[in-house]
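So the structure is just underneath, and the comments pick up after that.
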Amino acid sequence: MATAAPEAPSAESAAASGIAGFSREQLHELLREMLLYRRFEEKAEEAYSIGKIGGFCHVHIGQEGLAAGAIKPLRKDDLVITAYREHTQAIAKGITPRAVMAELFGRVDGCCGGRGGSMHLFDAEIGFMGGHGIVGGQIPLGTGLAWAIKYRGGDQVCLCFMGDAAVNQGAFLESLNMAAIWRLPVIYVVENNGYGMGTAFRRVSVTNVEERSGAYGVPAHTIDGQDVLGTHDFFARLAEEVRNGAGPQFVNALTCRFRGHSMSDPVSGTYRSKEEVDKQLHEQDPIALLRDRMTAAGELDPEEMEAIDAEVRAVCQDAADFADASPWPDPSTLYDHVYAETNVHGRLFLDGRAGRGAVNG
Amino acid sequence: MAELTYREALNAAMVQEMERDDSVFIMGEEVAEYDGAYKVSRGMLDRFGDRRVVDSPISELGFAGLCVGTAMAGLRPICEFMTFNFSILALDQVINSAAKMLYMTNGQVNVPIVFRGPTGAALQLSAQHSQACETYYVHAPGVKLATPATPADAKGLLAAAIRDDDPVAVMEGELLYNVKGEVPDGEYVIPLGVAELKRSGDDVSIVTHGKMVHVALQAAGKLAREGIEADVLDLRTIRPLDADAVLETVARTNRVVYLEEGWPFAGVGAQIAALIQDEAFDDLDAPVVRVAQADVPMPYAKNLEQLAKPGVDRVVEACKRVLYLVAEA
């Protein structure tokens, strides 16, 4: 892991969970999920390259083990909130690949009707609470979601993802302090790929990620996020502990970003070497790691792997076809959903185009 | 009707709304054990307990964002800023989260939050504690803003803000908290977006909001002694904006002064002047004149502070200017 991040995984890295702890069905499901995320992101890259997707687009290739391993053990009514590298996390929580891809395409059948785009995927019904574009901005929000759970006496947990760079934001430390004061049911998960855009974490930080939560009284755990089985096992246990009142937790999940920061950035270059990335690709691909482990345990043969790949490729092609066929949002809806209550006195919109009383009655 | 202070009226609105809806709670610095930095939340901890009256650490960005998160989950937080000056630390969560959430989610997630506290200058608090923050908030579509000037408006507008399904900022004034006035008993809610004519006169219109209503009324009193009768129109909410009320007073007096506590550049008065020239140009007998804080950070020295603040004499002079009773400044 040394090439991916400044820290090595601690002893707690779920090494205890062996393949024996998983049924064959579970293993295949996790493999399929990760492969689906990989092929989905590759399809998104392809669509971006031909102009079907615009704006900023951050793919999760290399980090699939965390999306599957952290989110799949959750209950349906648990909440997930995250930053902007979130396409696969949205799918993991239950948004369909079609609805995610259509959102990336900016179409009406997207999960936010084309209003959100790549960085703002939401489905409140299933507890996927975004998709936030300001580094660290989702951390107070996730803390608030957990506060609301506790206020109502619920037993859900909130999983709040962030990148490693977000721990240098004030929002992070303010949130951890409050979560600790009120013992909120929130798990903060750092997807520690070692880089904030093109700046290595170690170049802008003296202390490492794992050390950041202790000052606020939030227990820290470092795990190997490339090991999907260990990650899954770890989050299954941690979520239950938090559900049962363990208070906030902080997970430093070591992972690798196999692509550039966004579609407009190179995979390697001035800020990291090609050798570093090649080594990660060779040694730390979460999909290859699980494939090899399952193969060695007699749980997977090459034909099965090919069949899974063909099936998820078809799902992603279908998602792209669906997105491409979906209509653009109706221009008449431009002013919809700026305010929840628009039947008010006076004017809400002052640009003249909405007209005197035309939109707000 | 009972005579209450502005502070007591705000407290009455919060108690009224917390009694009727368990999803309403208040969080902020010093709101619970200390009874509020300005004693607006006096007695609420005893009445509602520490589940619903919550002291926060001094982390404006953090607790404002936390409150927005609770609102995303359907609660109705009252997020108290000790003053809106400190809310500048929290503006990322106000603008990027609260204001845009409903739109980004295509209507899935609304944010029924109230941000409240005092705005504007008090006395000799100098630059960082003396600024009117209205335009920071109304600049962003998705936020509403109420600026009650009287105890009755404080109760009614705050109650409406708490019931509203959108983010609403309620900007009060340190120098208003002790102002007394008649306040209706029982449940009292004033709809957002309805201006109120605080005084009638057909010669000139002073349009204003918040604490400056009192300055406008004093100016109108002075003008009356010289035989000039002024309308004083209190917008009460800046967004939604009661544009019809503005256009009505313009149509009647044909002369408008906009008075505000904040800076003039891209201020509320600039927006109102634009509205009038867009839609009532032919009603004007003189250009709209704006009276605002001097375009400088607030100085500490008493004499300089007085010079920087929009006061009665400047309003009187502005009214005479639009009446062509004095030469151009």
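Numbering starts fresh at 1 for the residues of each chain in the structure tokens, the chains themselves are lettered A, B, ... in the order given, and ligands are numbered from 1 as they appear.
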
Quick one: contact table of chain A to chain B, 6 Å max, nearest atom pair and distance in Å to one decimal per residue, counting only C-alpha atoms, chain and number order, as CSV?
residue,atom,partner,partner_atom,distance
A:Cys112,CA,B:Asn106,CA,5.0
A:Gly113,CA,B:Asn106,CA,6.0
A:Arg115,CA,B:Met104,CA,5.4
A:Gly116,CA,B:Met104,CA,4.6
A:Pro140,CA,B:Leu66,CA,4.7
A:Leu141,CA,B:Gly69,CA,4.0
A:Thr143,CA,B:Leu66,CA,5.7
A:Gly144,CA,B:Leu66,CA,3.9
A:Leu145,CA,B:Gly69,CA,5.0
A:Ala148,CA,B:Thr70,CA,5.1
A:Ala171,CA,B:Gly62,CA,5.6
A:Glu174,CA,B:Gly62,CA,5.1
A:Ser175,CA,B:Gly62,CA,5.6
A:His337,CA,B:Tyr103,CA,4.9
A:Val338,CA,B:Tyr103,CA,5.2
A:Tyr339,CA,B:Gly142,CA,5.6
A:Ala340,CA,B:Asp166,CA,5.9
A:His345,CA,B:Gly193,CA,4.7
A:Gly346,CA,B:Asp242,CA,4.1
A:Arg347,CA,B:Pro240,CA,4.8
A:Leu348,CA,B:Pro240,CA,4.4

File dump, residues just selected, N, CA and C atoms, as a PDB file, in the first residue's frame:
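The file below, out05.pdb, is the result:
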ATOM      1  N   CYS A 112     -31.793  12.780 -11.021  1.00  0.00           N
ATOM      2  CA  CYS A 112     -32.167  14.138 -10.631  1.00  0.00           C
ATOM      3  C   CYS A 112     -32.712  14.909 -11.834  1.00  0.00           C
ATOM      4  N   GLY A 113     -33.283  14.196 -12.760  1.00  0.00           N
ATOM      5  CA  GLY A 113     -33.939  14.830 -13.899  1.00  0.00           C
ATOM      6  C   GLY A 113     -33.000  15.659 -14.770  1.00  0.00           C
ATOM      7  N   ARG A 115     -30.823  17.760 -13.579  1.00  0.00           N
ATOM      8  CA  ARG A 115     -30.471  19.015 -12.907  1.00  0.00           C
ATOM      9  C   ARG A 115     -29.182  18.917 -12.112  1.00  0.00           C
ATOM     10  N   GLY A 116     -28.800  17.693 -11.762  1.00  0.00           N
ATOM     11  CA  GLY A 116     -27.658  17.533 -10.862  1.00  0.00           C
ATOM     12  C   GLY A 116     -26.365  17.259 -11.604  1.00  0.00           C
ATOM     13  N   PRO A 140     -20.501  18.096   7.255  1.00  0.00           N
ATOM     14  CA  PRO A 140     -21.516  18.591   8.196  1.00  0.00           C
ATOM     15  C   PRO A 140     -22.921  18.068   7.867  1.00  0.00           C
ATOM     16  N   LEU A 141     -23.215  17.946   6.587  1.00  0.00           N
ATOM     17  CA  LEU A 141     -24.552  17.461   6.203  1.00  0.00           C
ATOM     18  C   LEU A 141     -24.766  16.035   6.696  1.00  0.00           C
ATOM     19  N   THR A 143     -23.320  14.652   9.141  1.00  0.00           N
ATOM     20  CA  THR A 143     -23.412  14.730  10.594  1.00  0.00           C
ATOM     21  C   THR A 143     -24.836  15.114  10.996  1.00  0.00           C
ATOM     22  N   GLY A 144     -25.420  16.008  10.235  1.00  0.00           N
ATOM     23  CA  GLY A 144     -26.808  16.403  10.486  1.00  0.00           C
ATOM     24  C   GLY A 144     -27.801  15.292  10.203  1.00  0.00           C
ATOM     25  N   LEU A 145     -27.547  14.520   9.166  1.00  0.00           N
ATOM     26  CA  LEU A 145     -28.431  13.369   8.892  1.00  0.00           C
ATOM     27  C   LEU A 145     -28.407  12.417  10.085  1.00  0.00           C
ATOM     28  N   ALA A 148     -30.362  13.829  12.975  1.00  0.00           N
ATOM     29  CA  ALA A 148     -31.812  13.632  12.811  1.00  0.00           C
ATOM     30  C   ALA A 148     -32.224  12.198  13.162  1.00  0.00           C
ATOM     31  N   ALA A 171     -14.535  22.071   7.852  1.00  0.00           N
ATOM     32  CA  ALA A 171     -15.819  21.373   7.991  1.00  0.00           C
ATOM     33  C   ALA A 171     -15.629  19.978   8.574  1.00  0.00           C
ATOM     34  N   GLU A 174     -14.784  20.326  12.484  1.00  0.00           N
ATOM     35  CA  GLU A 174     -15.960  20.826  13.200  1.00  0.00           C
ATOM     36  C   GLU A 174     -17.011  19.725  13.312  1.00  0.00           C
ATOM     37  N   SER A 175     -17.137  18.952  12.260  1.00  0.00           N
ATOM     38  CA  SER A 175     -18.143  17.885  12.250  1.00  0.00           C
ATOM     39  C   SER A 175     -17.767  16.758  13.196  1.00  0.00           C
ATOM     40  N   HIS A 337     -38.558  23.840  -8.861  1.00  0.00           N
ATOM     41  CA  HIS A 337     -37.755  23.310  -7.744  1.00  0.00           C
ATOM     42  C   HIS A 337     -36.650  24.243  -7.250  1.00  0.00           C
ATOM     43  N   VAL A 338     -36.777  25.521  -7.550  1.00  0.00           N
ATOM     44  CA  VAL A 338     -35.883  26.466  -6.881  1.00  0.00           C
ATOM     45  C   VAL A 338     -36.378  26.650  -5.440  1.00  0.00           C
ATOM     46  N   TYR A 339     -37.704  26.730  -5.334  1.00  0.00           N
ATOM     47  CA  TYR A 339     -38.345  26.825  -4.024  1.00  0.00           C
ATOM     48  C   TYR A 339     -39.389  25.729  -3.896  1.00  0.00           C
ATOM     49  N   ALA A 340     -39.547  25.229  -2.678  1.00  0.00           N
ATOM     50  CA  ALA A 340     -40.567  24.207  -2.436  1.00  0.00           C
ATOM     51  C   ALA A 340     -41.949  24.846  -2.385  1.00  0.00           C
ATOM     52  N   HIS A 345     -46.937  35.115  -1.606  1.00  0.00           N
ATOM     53  CA  HIS A 345     -47.138  36.513  -1.976  1.00  0.00           C
ATOM     54  C   HIS A 345     -45.819  37.057  -2.517  1.00  0.00           C
ATOM     55  N   GLY A 346     -45.931  38.036  -3.387  1.00  0.00           N
ATOM     56  CA  GLY A 346     -44.714  38.677  -3.875  1.00  0.00           C
ATOM     57  C   GLY A 346     -43.965  37.818  -4.872  1.00  0.00           C
ATOM     58  N   ARG A 347     -42.794  38.292  -5.216  1.00  0.00           N
ATOM     59  CA  ARG A 347     -42.001  37.618  -6.249  1.00  0.00           C
ATOM     60  C   ARG A 347     -40.809  36.899  -5.647  1.00  0.00           C
ATOM     61  N   LEU A 348     -40.621  35.678  -6.116  1.00  0.00           N
ATOM     62  CA  LEU A 348     -39.436  34.918  -5.723  1.00  0.00           C
ATOM     63  C   LEU A 348     -38.306  35.132  -6.713  1.00  0.00           C
TER      64      LEU A 348
END

**Request:** If you run DSSP over the backbone, which residues in segment 14-236 of chain A end up strand (DSSP E)? Put them as a PyMOL selection string.
**Result:** chain A and resi 79-82+128-131+158-163+186-192+195-196+199-200+220-224

How would the residues just picked look written out with C-alpha atoms as a short mmCIF file (atom, residue, chain, number, x, y, z; two decimals), in the first residue's frame?
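Below is the file that was written, again33.cif:
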data_model
loop_
_atom_site.label_atom_id
_atom_site.label_comp_id
_atom_site.auth_asym_id
_atom_site.auth_seq_id
_atom_site.Cartn_x
_atom_site.Cartn_y
_atom_site.Cartn_z
CA LEU A 79 -28.14 6.72 4.72
CA VAL A 80 -25.16 7.39 2.46
CA ILE A 81 -23.76 10.83 1.68
CA THR A 82 -20.63 11.46 -0.29
CA PHE A 128 -28.62 8.16 -1.17
CA MET A 129 -28.25 11.79 -0.08
CA GLY A 130 -25.79 13.05 -2.72
CA GLY A 131 -23.40 13.79 -4.50
CA CYS A 158 -25.19 7.33 8.19
CA LEU A 159 -22.15 6.56 6.09
CA CYS A 160 -20.33 9.75 5.14
CA PHE A 161 -17.65 9.35 2.48
CA MET A 162 -14.91 11.82 1.69
CA GLY A 163 -11.57 11.90 -0.08
CA VAL A 186 -22.26 8.29 11.74
CA ILE A 187 -19.33 6.51 10.11
CA TYR A 188 -16.90 8.83 8.35
CA VAL A 189 -15.07 7.00 5.60
CA VAL A 190 -11.98 8.46 4.00
CA GLU A 191 -11.31 7.02 0.57
CA ASN A 192 -7.59 7.49 0.94
CA TYR A 195 -4.00 12.39 -3.77
CA GLY A 196 -6.21 15.45 -3.63
CA THR A 199 -1.35 17.03 -4.78
CA ALA A 200 -0.04 14.13 -2.74
CA ALA A 220 -10.00 5.59 14.01
CA HIS A 221 -9.71 2.41 11.95
CA THR A 222 -7.42 1.85 9.01
CA ILE A 223 -8.46 -0.80 6.51
CA ASP A 224 -7.32 -2.07 3.15
#

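Closest approach to Lys211 of chain B among B:Glu248, B:Glu172, B:Asp46, B:Asp285: B:Glu172, based on only C-alpha atoms.
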
### Message
Can you tell me which residues surround segment 258-270 of chain A at a distance of at most 8 Å, considering only C-alpha atoms, apart from same-chain residues fewer than 2 positions away, and format the answer as a VMD selection string?
### Response
chain A and resid 45 48 56 to 59 61 to 62 196 to 198 256 272 to 274 277 280 to 281

Writer output for current selection, all heavy atoms, as a short mmCIF file (atom, residue, chain, number, x, y, z; two decimals), in the first residue's frame:
data_model
loop_
_atom_site.label_atom_id
_atom_site.label_comp_id
_atom_site.auth_asym_id
_atom_site.auth_seq_id
_atom_site.Cartn_x
_atom_site.Cartn_y
_atom_site.Cartn_z
N GLU A 45 -16.62 6.99 -19.38
CA GLU A 45 -15.44 7.61 -20.03
C GLU A 45 -15.64 7.69 -21.54
O GLU A 45 -15.32 8.69 -22.18
CB GLU A 45 -14.18 6.78 -19.71
CG GLU A 45 -13.71 6.89 -18.28
CD GLU A 45 -12.46 6.05 -18.00
OE1 GLU A 45 -12.36 4.92 -18.53
OE2 GLU A 45 -11.61 6.51 -17.26
N TYR A 48 -18.12 10.32 -22.33
CA TYR A 48 -17.52 11.64 -22.13
C TYR A 48 -16.66 12.01 -23.33
O TYR A 48 -16.69 13.15 -23.81
CB TYR A 48 -16.67 11.64 -20.85
CG TYR A 48 -16.25 13.01 -20.39
CD1 TYR A 48 -17.03 13.72 -19.47
CD2 TYR A 48 -15.08 13.61 -20.87
CE1 TYR A 48 -16.65 14.98 -19.04
CE2 TYR A 48 -14.70 14.88 -20.45
CZ TYR A 48 -15.48 15.56 -19.54
OH TYR A 48 -15.11 16.81 -19.12
N PHE A 56 -17.57 18.40 -15.30
CA PHE A 56 -16.58 17.59 -14.58
C PHE A 56 -17.12 16.17 -14.43
O PHE A 56 -18.30 15.98 -14.18
CB PHE A 56 -16.31 18.16 -13.19
CG PHE A 56 -15.58 19.47 -13.22
CD1 PHE A 56 -16.03 20.54 -12.46
CD2 PHE A 56 -14.43 19.63 -13.98
CE1 PHE A 56 -15.35 21.74 -12.46
CE2 PHE A 56 -13.75 20.84 -13.99
CZ PHE A 56 -14.22 21.90 -13.23
N CYS A 57 -16.24 15.21 -14.57
CA CYS A 57 -16.67 13.82 -14.44
C CYS A 57 -15.53 13.05 -13.78
O CYS A 57 -14.44 12.95 -14.33
CB CYS A 57 -17.00 13.25 -15.82
SG CYS A 57 -17.63 11.57 -15.80
N HIS A 58 -15.77 12.55 -12.57
CA HIS A 58 -14.73 11.87 -11.80
C HIS A 58 -15.10 10.40 -11.68
O HIS A 58 -16.12 10.07 -11.08
CB HIS A 58 -14.62 12.47 -10.40
CG HIS A 58 -14.59 13.97 -10.38
ND1 HIS A 58 -15.73 14.73 -10.45
CD2 HIS A 58 -13.55 14.84 -10.30
CE1 HIS A 58 -15.40 16.02 -10.41
NE2 HIS A 58 -14.09 16.12 -10.33
N VAL A 59 -14.28 9.53 -12.26
CA VAL A 59 -14.63 8.11 -12.19
C VAL A 59 -13.93 7.44 -11.01
O VAL A 59 -12.94 7.93 -10.48
CB VAL A 59 -14.31 7.38 -13.52
CG1 VAL A 59 -15.15 7.98 -14.66
CG2 VAL A 59 -12.83 7.41 -13.83
N ILE A 61 -12.69 4.32 -10.84
CA ILE A 61 -11.96 3.12 -11.23
C ILE A 61 -10.75 2.91 -10.32
O ILE A 61 -9.92 3.80 -10.16
CB ILE A 61 -11.55 3.21 -12.72
CG1 ILE A 61 -12.82 3.09 -13.57
CG2 ILE A 61 -10.53 2.13 -13.08
CD1 ILE A 61 -12.61 3.24 -15.06
N GLY A 62 -10.70 1.74 -9.71
CA GLY A 62 -9.68 1.42 -8.72
C GLY A 62 -10.22 1.38 -7.31
O GLY A 62 -9.63 0.77 -6.42
N GLY A 196 -5.12 14.50 -3.42
CA GLY A 196 -6.21 15.45 -3.63
C GLY A 196 -5.95 16.09 -4.97
O GLY A 196 -5.03 16.88 -5.11
N MET A 197 -6.71 15.68 -5.97
CA MET A 197 -6.45 16.07 -7.36
C MET A 197 -5.00 15.68 -7.70
O MET A 197 -4.71 14.49 -7.75
CB MET A 197 -6.72 17.57 -7.57
CG MET A 197 -6.95 17.89 -9.02
SD MET A 197 -7.61 19.55 -9.24
CE MET A 197 -7.14 19.84 -10.95
N GLY A 198 -4.10 16.64 -7.87
CA GLY A 198 -2.73 16.28 -8.23
C GLY A 198 -1.73 16.57 -7.12
O GLY A 198 -0.54 16.63 -7.37
N CYS A 256 -6.73 3.06 -4.19
CA CYS A 256 -5.93 3.55 -5.32
C CYS A 256 -6.84 4.15 -6.39
O CYS A 256 -7.88 3.58 -6.71
CB CYS A 256 -5.17 2.40 -6.00
SG CYS A 256 -4.24 1.34 -4.90
N ARG A 272 2.66 12.29 -10.18
CA ARG A 272 2.93 10.90 -9.79
C ARG A 272 3.43 10.15 -11.02
O ARG A 272 3.07 10.50 -12.15
CB ARG A 272 1.73 10.21 -9.15
CG ARG A 272 0.54 9.98 -10.06
CD ARG A 272 -0.54 9.14 -9.35
NE ARG A 272 -1.69 8.92 -10.23
CZ ARG A 272 -2.75 8.20 -9.90
NH1 ARG A 272 -2.83 7.62 -8.70
NH2 ARG A 272 -3.75 8.04 -10.75
N SER A 273 4.24 9.12 -10.77
CA SER A 273 4.89 8.47 -11.91
C SER A 273 4.00 7.39 -12.51
O SER A 273 3.10 6.84 -11.85
CB SER A 273 6.20 7.85 -11.44
OG SER A 273 5.92 6.76 -10.56
N LYS A 274 4.31 7.07 -13.76
CA LYS A 274 3.62 5.97 -14.43
C LYS A 274 3.91 4.66 -13.71
O LYS A 274 3.03 3.80 -13.57
CB LYS A 274 4.07 5.91 -15.89
CG LYS A 274 3.34 4.86 -16.72
CD LYS A 274 3.70 4.99 -18.19
CE LYS A 274 2.92 3.99 -19.06
NZ LYS A 274 3.06 2.60 -18.62
N VAL A 277 1.61 4.07 -10.73
CA VAL A 277 0.26 3.65 -11.10
C VAL A 277 0.28 2.22 -11.66
O VAL A 277 -0.61 1.40 -11.33
CB VAL A 277 -0.37 4.62 -12.12
CG1 VAL A 277 -1.78 4.18 -12.48
CG2 VAL A 277 -0.36 6.04 -11.57
N GLN A 280 0.39 -0.25 -8.91
CA GLN A 280 -0.93 -0.37 -8.26
C GLN A 280 -1.88 -1.21 -9.11
O GLN A 280 -2.58 -2.09 -8.61
CB GLN A 280 -1.56 1.02 -8.05
CG GLN A 280 -0.88 1.85 -6.97
CD GLN A 280 -1.55 3.21 -6.83
OE1 GLN A 280 -2.34 3.62 -7.68
NE2 GLN A 280 -1.21 3.91 -5.77
N LEU A 281 -1.86 -0.92 -10.41
CA LEU A 281 -2.75 -1.66 -11.31
C LEU A 281 -2.44 -3.15 -11.25
O LEU A 281 -3.33 -4.00 -11.27
CB LEU A 281 -2.58 -1.16 -12.75
CG LEU A 281 -3.32 0.11 -13.12
CD1 LEU A 281 -2.76 0.69 -14.42
CD2 LEU A 281 -4.81 -0.17 -13.27
#

For Gly225 of chain A, find every residue with an atom within 12 Å (counting only C-alpha atoms), except residues of its own chain fewer than 3 positions away, and show them as number ranges by chain. A: 1, 4-5, 8-9, 13-15, 62-70, 189-193, 221-222, 228-235, 251-257, 284-287, 289

Quiz item: So which residues of segment 10-203 of chain B fall under helix (DSSP H, G or I) by DSSP, listed as a VMD selection string?
Solution: chain B and resid 10 to 20 44 to 48 60 to 72 86 to 99 101 to 104 127 to 129 134 to 138 151 to 163 174 to 176

What lies within 10 Å of Asp35 of chain B using only C-alpha atoms, ignoring chain neighbours under 5 positions off, as an NGL selection string? :B and (30 or 40-46 or 53 or 55)

Restricting the output to N, CA, C and O atoms, write the selected residues as a short mmCIF file (atom, residue, chain, number, x, y, z; two decimals), in the first residue's frame.
data_model
loop_
_atom_site.label_atom_id
_atom_site.label_comp_id
_atom_site.auth_asym_id
_atom_site.auth_seq_id
_atom_site.Cartn_x
_atom_site.Cartn_y
_atom_site.Cartn_z
N GLU B 30 -24.66 29.46 22.66
CA GLU B 30 -25.22 30.09 23.88
C GLU B 30 -26.74 30.08 23.93
O GLU B 30 -27.34 30.79 24.73
N VAL B 40 -32.68 35.91 23.52
CA VAL B 40 -33.87 35.66 22.70
C VAL B 40 -34.47 34.29 23.04
O VAL B 40 -35.68 34.10 23.02
N SER B 41 -33.62 33.35 23.42
CA SER B 41 -34.12 31.99 23.71
C SER B 41 -34.32 31.79 25.22
O SER B 41 -34.34 30.66 25.69
N ARG B 42 -34.50 32.87 25.96
CA ARG B 42 -34.64 32.78 27.42
C ARG B 42 -35.75 31.80 27.82
O ARG B 42 -36.86 31.84 27.30
N GLY B 43 -35.40 30.89 28.72
CA GLY B 43 -36.40 29.97 29.26
C GLY B 43 -36.70 28.77 28.40
O GLY B 43 -37.42 27.85 28.81
N MET B 44 -36.15 28.73 27.19
CA MET B 44 -36.53 27.64 26.28
C MET B 44 -35.90 26.31 26.69
O MET B 44 -36.50 25.25 26.49
N LEU B 45 -34.70 26.35 27.26
CA LEU B 45 -34.10 25.10 27.70
C LEU B 45 -34.96 24.46 28.79
O LEU B 45 -35.23 23.25 28.75
N ASP B 46 -35.40 25.26 29.75
CA ASP B 46 -36.25 24.72 30.82
C ASP B 46 -37.55 24.16 30.25
O ASP B 46 -38.06 23.15 30.71
N VAL B 53 -33.23 22.20 22.55
CA VAL B 53 -32.58 23.51 22.70
C VAL B 53 -31.11 23.19 22.95
O VAL B 53 -30.73 22.74 24.02
N ASP B 55 -26.98 23.80 22.73
CA ASP B 55 -25.78 24.64 22.64
C ASP B 55 -24.79 24.01 21.66
O ASP B 55 -24.44 22.84 21.79
#

Separating atom CA of Pro185 of chain A from atom CA of Glu240 of chain A, to the nearest tenth of an Å, is a gap of 10.2 Å
